[in-house]
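Chemist: The structure is given below, and queries will be raised subsequently.
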Amino acid sequence: MSRPLLKHTTTTGFATLLSRITGLLRDSFIAQAIGVGAVSDAFLVAFKIPNFLRRLFAEGAFSQSFVPVISEYKTQRGQADVRELVAGVSGTLGGVLFLVSLVGVIAAPLIIYLFAVQWGVTGGSQFDMAVQMLRWTFPYLFFISLVSLFSGVLNSYGSFFIPAFTQVIMNLVMIVAAVVFATHSQNPGLVLAIGVFVSGLLQLLFQLPAVARLGLLALPRWRPALEGVRRVAKLMVPGIVGSSMAQISLLLDTQIATALATGSVSWLYYADRLMEFPLGVFSIALATVILPGLSAHHASKSAAQFSGTLDWALRLVLLLASPAAVGMLCFAAPMTAMIFGYRQFSPDDVLMTSYALMAYSWGLLGFSFVKVLVPGYYARQNTRRPVRIAMTALGITMGINLLIVLPAAKLGFPNPHILVATATCIGAAINTLLLWRGLTREGVLVHSPGWTAFILRVLLANLLMGAMLWWLAGDAAHWVTMPFVERIVRGGGYILLGAIVYFAVLFASGMRYRHLRSAAI
């Protein structure tokens with residue numbers, strides 16, 4: 001079982017790698033085009049809002065509810081039933097999201113006020129810019145949610161590359177918008193907002209031919225009473241509740257960031273984008289791949305294979321996400337300077353972003369484990385338990401923000417934006433612990449032998465790699481003054497050297513490929 005999963009994970013990871021590389025290029029060009037300030041903060045808030053709702057409707061609840069149902073239809077019913085399910089879900093979901101998008105465009109001033117009270121109270125150009133941009137970015141929710149639907153269809157039929165590659169289209173559109181149009185515009189933020197709208201439409205059009213080749217592309221229909229649609233909706237409700245808690249937490253994070261020094265929204269965003277790179281390349285790709293397999297194992301009552309798949313995925317996460325987390329902690333300033341530190345992105349912006357990246361770094365493991373553990377519940381169509389766990393973790397995160405971060409900022413804590421990132425990471429750690437405890441107590445996840453030796457080997461490799469990268473990083477100011485080519489060559493070379501050291505230590509300590517293969521049944 002581990003071979004096909006590893007193959008699909010590698011394929012998806014490669015496509016996602018292309019997506020993340022072009023995504024970093026996108027963010028780098030955006031940073032160079034608009035810098036860090038009022039315009040960048042306004043654009044990023046306007047861009048975050050449809051993305052928050054995308055996680056609510058598309059990623060947070062819908063995709064994890066739809067895949068188990070369509071996997072069951074595929075296994076137990078005919079092609080005509082699957083086609084009818086896709087048509088009913090796309091028509092019903094699309095109709096709801098079209099209305100939501102229309103309301104979002106009309107109510108843009110109110111929405112911006114909710115996400116950035118400080119801007120609404122003080123008024124001025126930043127609030128007006130954000131409202132204008134949101135009216136272009138909000139319909140992105142409609143497009144990307146349908147993209148998520150068709151991605152679930154393709155994943156259920158073993159097609160992982162196209163859904164993972166779809167994000168590349170958005171990145172290319174935004175790069176063109178930033179380089180060709182925004183740099184020559186009097187209103188670069190609005191140009192980027194229009195680019196978001198165009199990219200959403202193109203992503204949707206890109207996936208339609210692949211769905212058509214499966215014979216599953218039909219005219220969307222409003223079918224809320226259809227049995228499969230009702231099941232998806234029923235499974236979505238707990239997910240929406242849980243995701244809404246997540247969005248409230250993110251809303252609070254944004255509120256706090258807009259109340260801090262100008263640029264805080266941007267510093268946190270760019271640090272988050274660097275943290276999201278390894279998360280998307282591997283952890284999200286792995287979670288995407290294992291969900292259909294877990295759903296099939298549950299449908300066929302293969303408990304041993306279900307547990308073996310989860311155990312195997314957790315090992316891979318620890319193996320590949322932990323060195324990325326250590327690298328971001330020990331090599332934060334050089335990484336930030338390499339990707340963003342040019343033109344309008346000042347040396348101070350590099351420093352502030354690197355502080356946020358260091359605060360986010362250790363949370364990468366928590367975020368990655370959550371991505372892998374949640375499918376262990378959703379594949380069994382158990383959506384309530386992870387929602388309760390998410391609400392607990394996010395409640396603690398919100399408490400930290402309200403009781404610690406805001407008072408610390410008022411009392412003059414230096415660089416309080418790093419506390420916002422730290423609170424988010426604490427929430428991810430709590431979420432991971434509770435999800436893992438639930439699966440092990442239910443007997444759904446039974447760890448295979450060899451975990452202690454595995455953890456010790458990974459820990460030793462990370463310690464040696466981290467020490468070397470910390471020494472090589474040196475002074476942050478030195479990286480900012482380097483020419484572009486030298487930054488890329490030296491920084492990329494050091495990162496490659498760190499990877500070589502990490503895997504060499506693992507090999508020297510006795511780890512072999514069979515230790516991963518044997519973890520899955």
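For the structure tokens, the naming scheme is as follows: chains receive sequential letters (A, B, ...) according to their order of presentation, residues are indexed from 1 within each chain, and ligands are indexed from 1 in presentation order.
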Taking 5 positions as the minimum chain separation for residues in the same chain, which residues sit within 12 Å of stretch 24-30 of chain A when counting only C-alpha atoms? Answer as JSON, numbers by chain.
Modeler: {"A": [17, 18, 19, 35, 36, 39, 40, 41, 43, 44, 167, 168, 169, 170, 171, 172, 173, 174, 175, 176, 177, 178, 179, 180, 181, 182, 183, 188, 189, 191, 192, 193, 195, 196, 266, 267, 269, 270, 271, 272, 273, 274, 275, 276, 277, 278, 280, 335, 336, 337, 338, 339, 340, 341, 342, 343, 344, 345, 350]}
Chemist: Please list as a PyMOL selection string every residue within 12 Å of stretch 224-228 of chain A, counting only C-alpha atoms and excluding residues in the same chain fewer than 3 positions away.
Modeler: chain A and resi 65-73+77+81-96+220-221+231-235
Chemist: Go ahead and write the residues just picked, C-alpha atoms, as a CSV table (one decimal), in the first residue's frame.
Modeler:
```csv
chain,number,residue,atom,x,y,z
A,65,SER,CA,-17.2,16.1,3.4
A,66,PHE,CA,-17.6,15.5,-0.3
A,67,VAL,CA,-14.6,13.1,-0.9
A,68,PRO,CA,-15.9,10.3,1.4
A,69,VAL,CA,-19.4,10.5,-0.1
A,70,ILE,CA,-18.2,10.4,-3.8
A,71,SER,CA,-15.7,7.7,-2.9
A,72,GLU,CA,-18.6,5.6,-1.5
A,73,TYR,CA,-20.7,6.4,-4.7
A,77,ARG,CA,-22.9,2.7,-7.3
A,81,ASP,CA,-25.2,8.1,-9.9
A,82,VAL,CA,-21.8,9.7,-9.5
A,83,ARG,CA,-22.5,12.1,-12.4
A,84,GLU,CA,-25.8,13.1,-10.8
A,85,LEU,CA,-24.1,13.7,-7.5
A,86,VAL,CA,-21.5,16.0,-9.0
A,87,ALA,CA,-24.2,17.9,-10.9
A,88,GLY,CA,-26.4,18.3,-7.8
A,89,VAL,CA,-23.5,19.3,-5.5
A,90,SER,CA,-22.0,21.8,-8.0
A,91,GLY,CA,-25.4,23.3,-8.7
A,92,THR,CA,-26.5,23.6,-5.1
A,93,LEU,CA,-23.1,24.7,-3.7
A,94,GLY,CA,-22.6,27.0,-6.7
A,95,GLY,CA,-26.0,28.6,-6.2
A,96,VAL,CA,-25.3,29.3,-2.5
A,220,PRO,CA,-25.1,22.0,-12.5
A,221,ARG,CA,-28.5,21.6,-11.0
A,231,ARG,CA,-25.4,13.8,3.1
A,232,VAL,CA,-22.7,16.1,2.0
A,233,ALA,CA,-24.6,19.1,3.5
A,234,LYS,CA,-25.1,17.1,6.8
A,235,LEU,CA,-21.4,16.3,7.0
```
Chemist: Check stretch 316-377 of chain A with DSSP on the backbone and list each residue it calls helix (DSSP H, G or I), as an NGL selection string.
Modeler: :A and (316-330 or 332-339 or 347-361 or 363-373 or 375-377)
Chemist: Pick out the residues sitting within 6 Å of stretch 145-155 of chain A, and hand them over as an MDAnalysis selection string; count only C-alpha atoms, and ignore anything fewer than 5 positions along from it in its own chain.
Modeler: chainID A and resid 58 67 160 163 204
Chemist: Filtering to N, CA, C and O atoms, could you give me those residues as a short mmCIF file (atom, residue, chain, number, x, y, z; two decimals), in the first residue's frame?
Modeler:
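Below you can see result-v8.cif, which holds the result:
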```cif
data_model
loop_
_atom_site.label_atom_id
_atom_site.label_comp_id
_atom_site.auth_asym_id
_atom_site.auth_seq_id
_atom_site.Cartn_x
_atom_site.Cartn_y
_atom_site.Cartn_z
N ALA A 58 -14.84 25.68 1.20
CA ALA A 58 -14.18 24.75 0.28
C ALA A 58 -13.27 23.77 1.02
O ALA A 58 -13.47 22.57 1.00
N VAL A 67 -15.48 14.23 -0.46
CA VAL A 67 -14.65 13.12 -0.92
C VAL A 67 -15.12 11.78 -0.35
O VAL A 67 -15.23 10.80 -1.10
N PHE A 160 -4.32 13.35 -9.22
CA PHE A 160 -3.87 14.29 -8.20
C PHE A 160 -3.06 15.46 -8.78
O PHE A 160 -2.96 16.52 -8.16
N PRO A 163 -5.32 18.85 -10.01
CA PRO A 163 -5.78 19.72 -8.92
C PRO A 163 -4.65 20.45 -8.22
O PRO A 163 -4.78 21.62 -7.86
N LEU A 204 -10.87 27.64 -12.57
CA LEU A 204 -12.07 26.83 -12.77
C LEU A 204 -12.12 26.27 -14.19
O LEU A 204 -12.39 25.07 -14.40
#
```
Chemist: Within 12 Å of A:Met482, counting only C-alpha atoms, which residues show up once you throw out same-chain ones fewer than 3 positions away? Write them as a ChimeraX atom specification, please.
Modeler: /A:334,337-338,341-342,347,475-479,485-491
Chemist: Mind checking which residues fall within 12 Å of A:Val326, counting only C-alpha atoms, ignoring those fewer than 3 positions away in the same chain, and posting them as a PyMOL selection string?
Modeler: chain A and resi 275+278+318-323+329-332+357-365+458-470+495+498-499+502
Chemist: Please save N, CA, C and O atoms of the selected residues as a compact mmCIF listing (two decimals), in the first residue's frame.
Modeler:
```
# COMPACT_ATOMS: atom_id res chain seq x y z
N MET A 275 6.20 29.92 5.61
CA MET A 275 5.86 28.73 6.39
C MET A 275 4.94 27.80 5.60
O MET A 275 5.03 26.57 5.71
N PRO A 278 6.62 24.67 2.80
CA PRO A 278 6.76 23.23 3.07
C PRO A 278 5.45 22.58 3.46
O PRO A 278 5.24 21.39 3.18
N LEU A 318 6.77 13.76 10.14
CA LEU A 318 7.86 14.04 11.07
C LEU A 318 9.21 14.06 10.34
O LEU A 318 10.06 14.92 10.60
N LEU A 319 9.38 13.15 9.40
CA LEU A 319 10.64 13.05 8.67
C LEU A 319 10.92 14.30 7.84
O LEU A 319 12.06 14.79 7.80
N LEU A 320 9.89 14.85 7.17
CA LEU A 320 10.11 15.93 6.21
C LEU A 320 9.71 17.32 6.73
O LEU A 320 10.26 18.31 6.27
N ALA A 321 8.75 17.39 7.65
CA ALA A 321 8.33 18.70 8.13
C ALA A 321 9.25 19.23 9.23
O ALA A 321 9.47 20.43 9.34
N SER A 322 9.81 18.34 10.04
CA SER A 322 10.66 18.81 11.14
C SER A 322 11.93 19.53 10.66
O SER A 322 12.28 20.58 11.22
N PRO A 323 12.65 19.03 9.64
CA PRO A 323 13.82 19.80 9.19
C PRO A 323 13.43 21.15 8.57
O PRO A 323 14.19 22.12 8.67
N LEU A 329 13.55 28.28 11.59
CA LEU A 329 13.96 28.89 12.85
C LEU A 329 15.40 29.40 12.80
O LEU A 329 15.69 30.51 13.24
N CYS A 330 16.28 28.59 12.25
CA CYS A 330 17.71 28.90 12.28
C CYS A 330 18.20 29.71 11.09
O CYS A 330 19.31 30.27 11.14
N PHE A 331 17.40 29.78 10.03
CA PHE A 331 17.85 30.43 8.79
C PHE A 331 16.81 31.43 8.31
O PHE A 331 16.67 31.69 7.11
N ALA A 332 16.06 32.02 9.25
CA ALA A 332 14.92 32.86 8.90
C ALA A 332 15.31 34.11 8.13
O ALA A 332 14.71 34.44 7.10
N LEU A 357 8.63 34.81 11.06
CA LEU A 357 8.90 33.46 10.54
C LEU A 357 9.46 32.56 11.62
O LEU A 357 9.08 31.38 11.73
N MET A 358 10.34 33.08 12.45
CA MET A 358 10.88 32.30 13.55
C MET A 358 9.76 31.91 14.53
O MET A 358 9.74 30.78 15.05
N ALA A 359 8.83 32.83 14.74
CA ALA A 359 7.70 32.53 15.64
C ALA A 359 6.78 31.47 15.03
O ALA A 359 6.23 30.62 15.75
N TYR A 360 6.61 31.50 13.72
CA TYR A 360 5.77 30.52 13.04
C TYR A 360 6.44 29.15 12.90
O TYR A 360 5.75 28.13 12.74
N SER A 361 7.77 29.10 12.92
CA SER A 361 8.51 27.92 12.49
C SER A 361 8.09 26.65 13.23
O SER A 361 7.80 25.62 12.60
N TRP A 362 8.06 26.72 14.55
CA TRP A 362 7.79 25.48 15.29
C TRP A 362 6.35 25.03 15.11
O TRP A 362 6.03 23.84 15.31
N GLY A 363 5.47 25.96 14.73
CA GLY A 363 4.08 25.59 14.49
C GLY A 363 3.88 24.77 13.23
O GLY A 363 2.82 24.15 13.06
N LEU A 364 4.89 24.73 12.35
CA LEU A 364 4.76 23.97 11.11
C LEU A 364 4.44 22.50 11.40
O LEU A 364 3.62 21.89 10.70
N LEU A 365 5.07 21.94 12.43
CA LEU A 365 4.81 20.54 12.76
C LEU A 365 3.36 20.35 13.19
O LEU A 365 2.70 19.39 12.78
N VAL A 458 15.64 11.24 13.91
CA VAL A 458 15.20 12.53 13.35
C VAL A 458 15.66 13.69 14.24
O VAL A 458 16.10 14.73 13.74
N LEU A 459 15.58 13.51 15.55
CA LEU A 459 16.00 14.56 16.47
C LEU A 459 17.50 14.85 16.34
O LEU A 459 17.91 16.02 16.28
N LEU A 460 18.32 13.82 16.28
CA LEU A 460 19.77 14.01 16.12
C LEU A 460 20.09 14.73 14.82
O LEU A 460 20.90 15.67 14.79
N ALA A 461 19.46 14.31 13.73
CA ALA A 461 19.72 14.94 12.43
C ALA A 461 19.31 16.40 12.43
O ALA A 461 20.01 17.26 11.88
N ASN A 462 18.20 16.73 13.08
CA ASN A 462 17.74 18.11 13.15
C ASN A 462 18.67 18.98 13.99
O ASN A 462 18.93 20.14 13.65
N LEU A 463 19.17 18.44 15.09
CA LEU A 463 20.08 19.20 15.95
C LEU A 463 21.36 19.58 15.20
O LEU A 463 21.82 20.73 15.25
N LEU A 464 21.94 18.64 14.50
CA LEU A 464 23.19 18.91 13.77
C LEU A 464 22.94 19.85 12.60
O LEU A 464 23.73 20.77 12.36
N MET A 465 21.87 19.62 11.87
CA MET A 465 21.56 20.51 10.75
C MET A 465 21.27 21.92 11.24
O MET A 465 21.74 22.91 10.67
N GLY A 466 20.47 22.05 12.30
CA GLY A 466 20.11 23.37 12.83
C GLY A 466 21.31 24.14 13.32
O GLY A 466 21.43 25.35 13.08
N ALA A 467 22.22 23.47 14.01
CA ALA A 467 23.43 24.14 14.50
C ALA A 467 24.26 24.68 13.34
O ALA A 467 24.78 25.81 13.39
N MET A 468 24.37 23.90 12.27
CA MET A 468 25.15 24.35 11.12
C MET A 468 24.48 25.55 10.44
O MET A 468 25.14 26.54 10.10
N LEU A 469 23.16 25.49 10.25
CA LEU A 469 22.46 26.60 9.59
C LEU A 469 22.51 27.87 10.43
O LEU A 469 22.62 28.98 9.89
N TRP A 470 22.40 27.74 11.74
CA TRP A 470 22.48 28.92 12.62
C TRP A 470 23.84 29.59 12.47
O TRP A 470 23.93 30.82 12.41
N ILE A 495 21.07 26.01 2.14
CA ILE A 495 19.87 25.19 2.37
C ILE A 495 20.09 23.78 1.84
O ILE A 495 19.74 22.78 2.49
N GLY A 498 22.32 21.99 4.16
CA GLY A 498 21.58 21.57 5.34
C GLY A 498 20.80 20.29 5.09
O GLY A 498 20.77 19.38 5.93
N ALA A 499 20.17 20.19 3.91
CA ALA A 499 19.42 18.98 3.57
C ALA A 499 20.35 17.78 3.46
O ALA A 499 20.02 16.67 3.91
N TYR A 502 21.29 16.69 6.94
CA TYR A 502 20.15 16.05 7.61
C TYR A 502 20.00 14.59 7.18
O TYR A 502 19.95 13.68 8.01
```
Chemist: Report the distance between atom CA of A:Leu201 and atom CA of A:Phe165 in Å, rounded to one decimal place.
Modeler: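 Value for the atom CA of A:Leu201-atom CA of A:Phe165 distance: 15.0 Å.
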Chemist: Smallest atom-to-atom distance to A:Ser283: which of A:Arg223, A:Arg315, A:Lys371, A:Lys48, using only C-alpha atoms?
Modeler: A:Lys371
Chemist: To one decimal place, how far is atom CA of A:Val121 from atom CA of A:Gln255 in Å?
Modeler: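 Calculated distance between atom CA of A:Val121 and atom CA of A:Gln255 is 12.3 Å.
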Chemist: For A:Ala393, list every protein, DNA or RNA residue within 6 Å, evaluated using only C-alpha atoms, and leave out those in the same chain fewer than 3 positions away; present the list as a ChimeraX atom specification.
Modeler: /A:390,396,427,430-431
Chemist: Within 7 Å of A:Ala428, counting only C-alpha atoms, which residues qualify if same-chain residues fewer than 3 places away don't, as a PyMOL selection string?
Modeler: chain A and resi 363+366-367+424-425+431-432
Chemist: Write a file of the selected residues as a short mmCIF file (atom, residue, chain, number, x, y, z; two decimals), in the first residue's frame, keeping C-alpha atoms.
Modeler:
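Output file part.cif follows:
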```cif
data_model
loop_
_atom_site.label_atom_id
_atom_site.label_comp_id
_atom_site.auth_asym_id
_atom_site.auth_seq_id
_atom_site.Cartn_x
_atom_site.Cartn_y
_atom_site.Cartn_z
CA GLY A 363 4.08 25.59 14.49
CA GLY A 366 1.48 21.18 14.45
CA PHE A 367 -0.15 22.44 11.25
CA THR A 424 -1.54 30.58 16.35
CA CYS A 425 1.17 27.93 16.75
CA ASN A 431 -5.26 20.71 18.07
CA THR A 432 -2.68 18.07 17.15
#
```
Chemist: Let me make sure I understand: among A:Thr452, A:Met133, A:Ala42, A:Phe142, which one has the smallest atom-to-atom distance to A:Gly120 if we use only C-alpha atoms?
Modeler: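 Looking at the shortest contact to A:Gly120, the residue is A:Ala42.
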Chemist: In Å, rounded to a single decimal, give me how far atom CA of A:Arg135 is from atom CA of A:Ile106.
Modeler: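 Distance reported for this atom pair: 7.7 Å.
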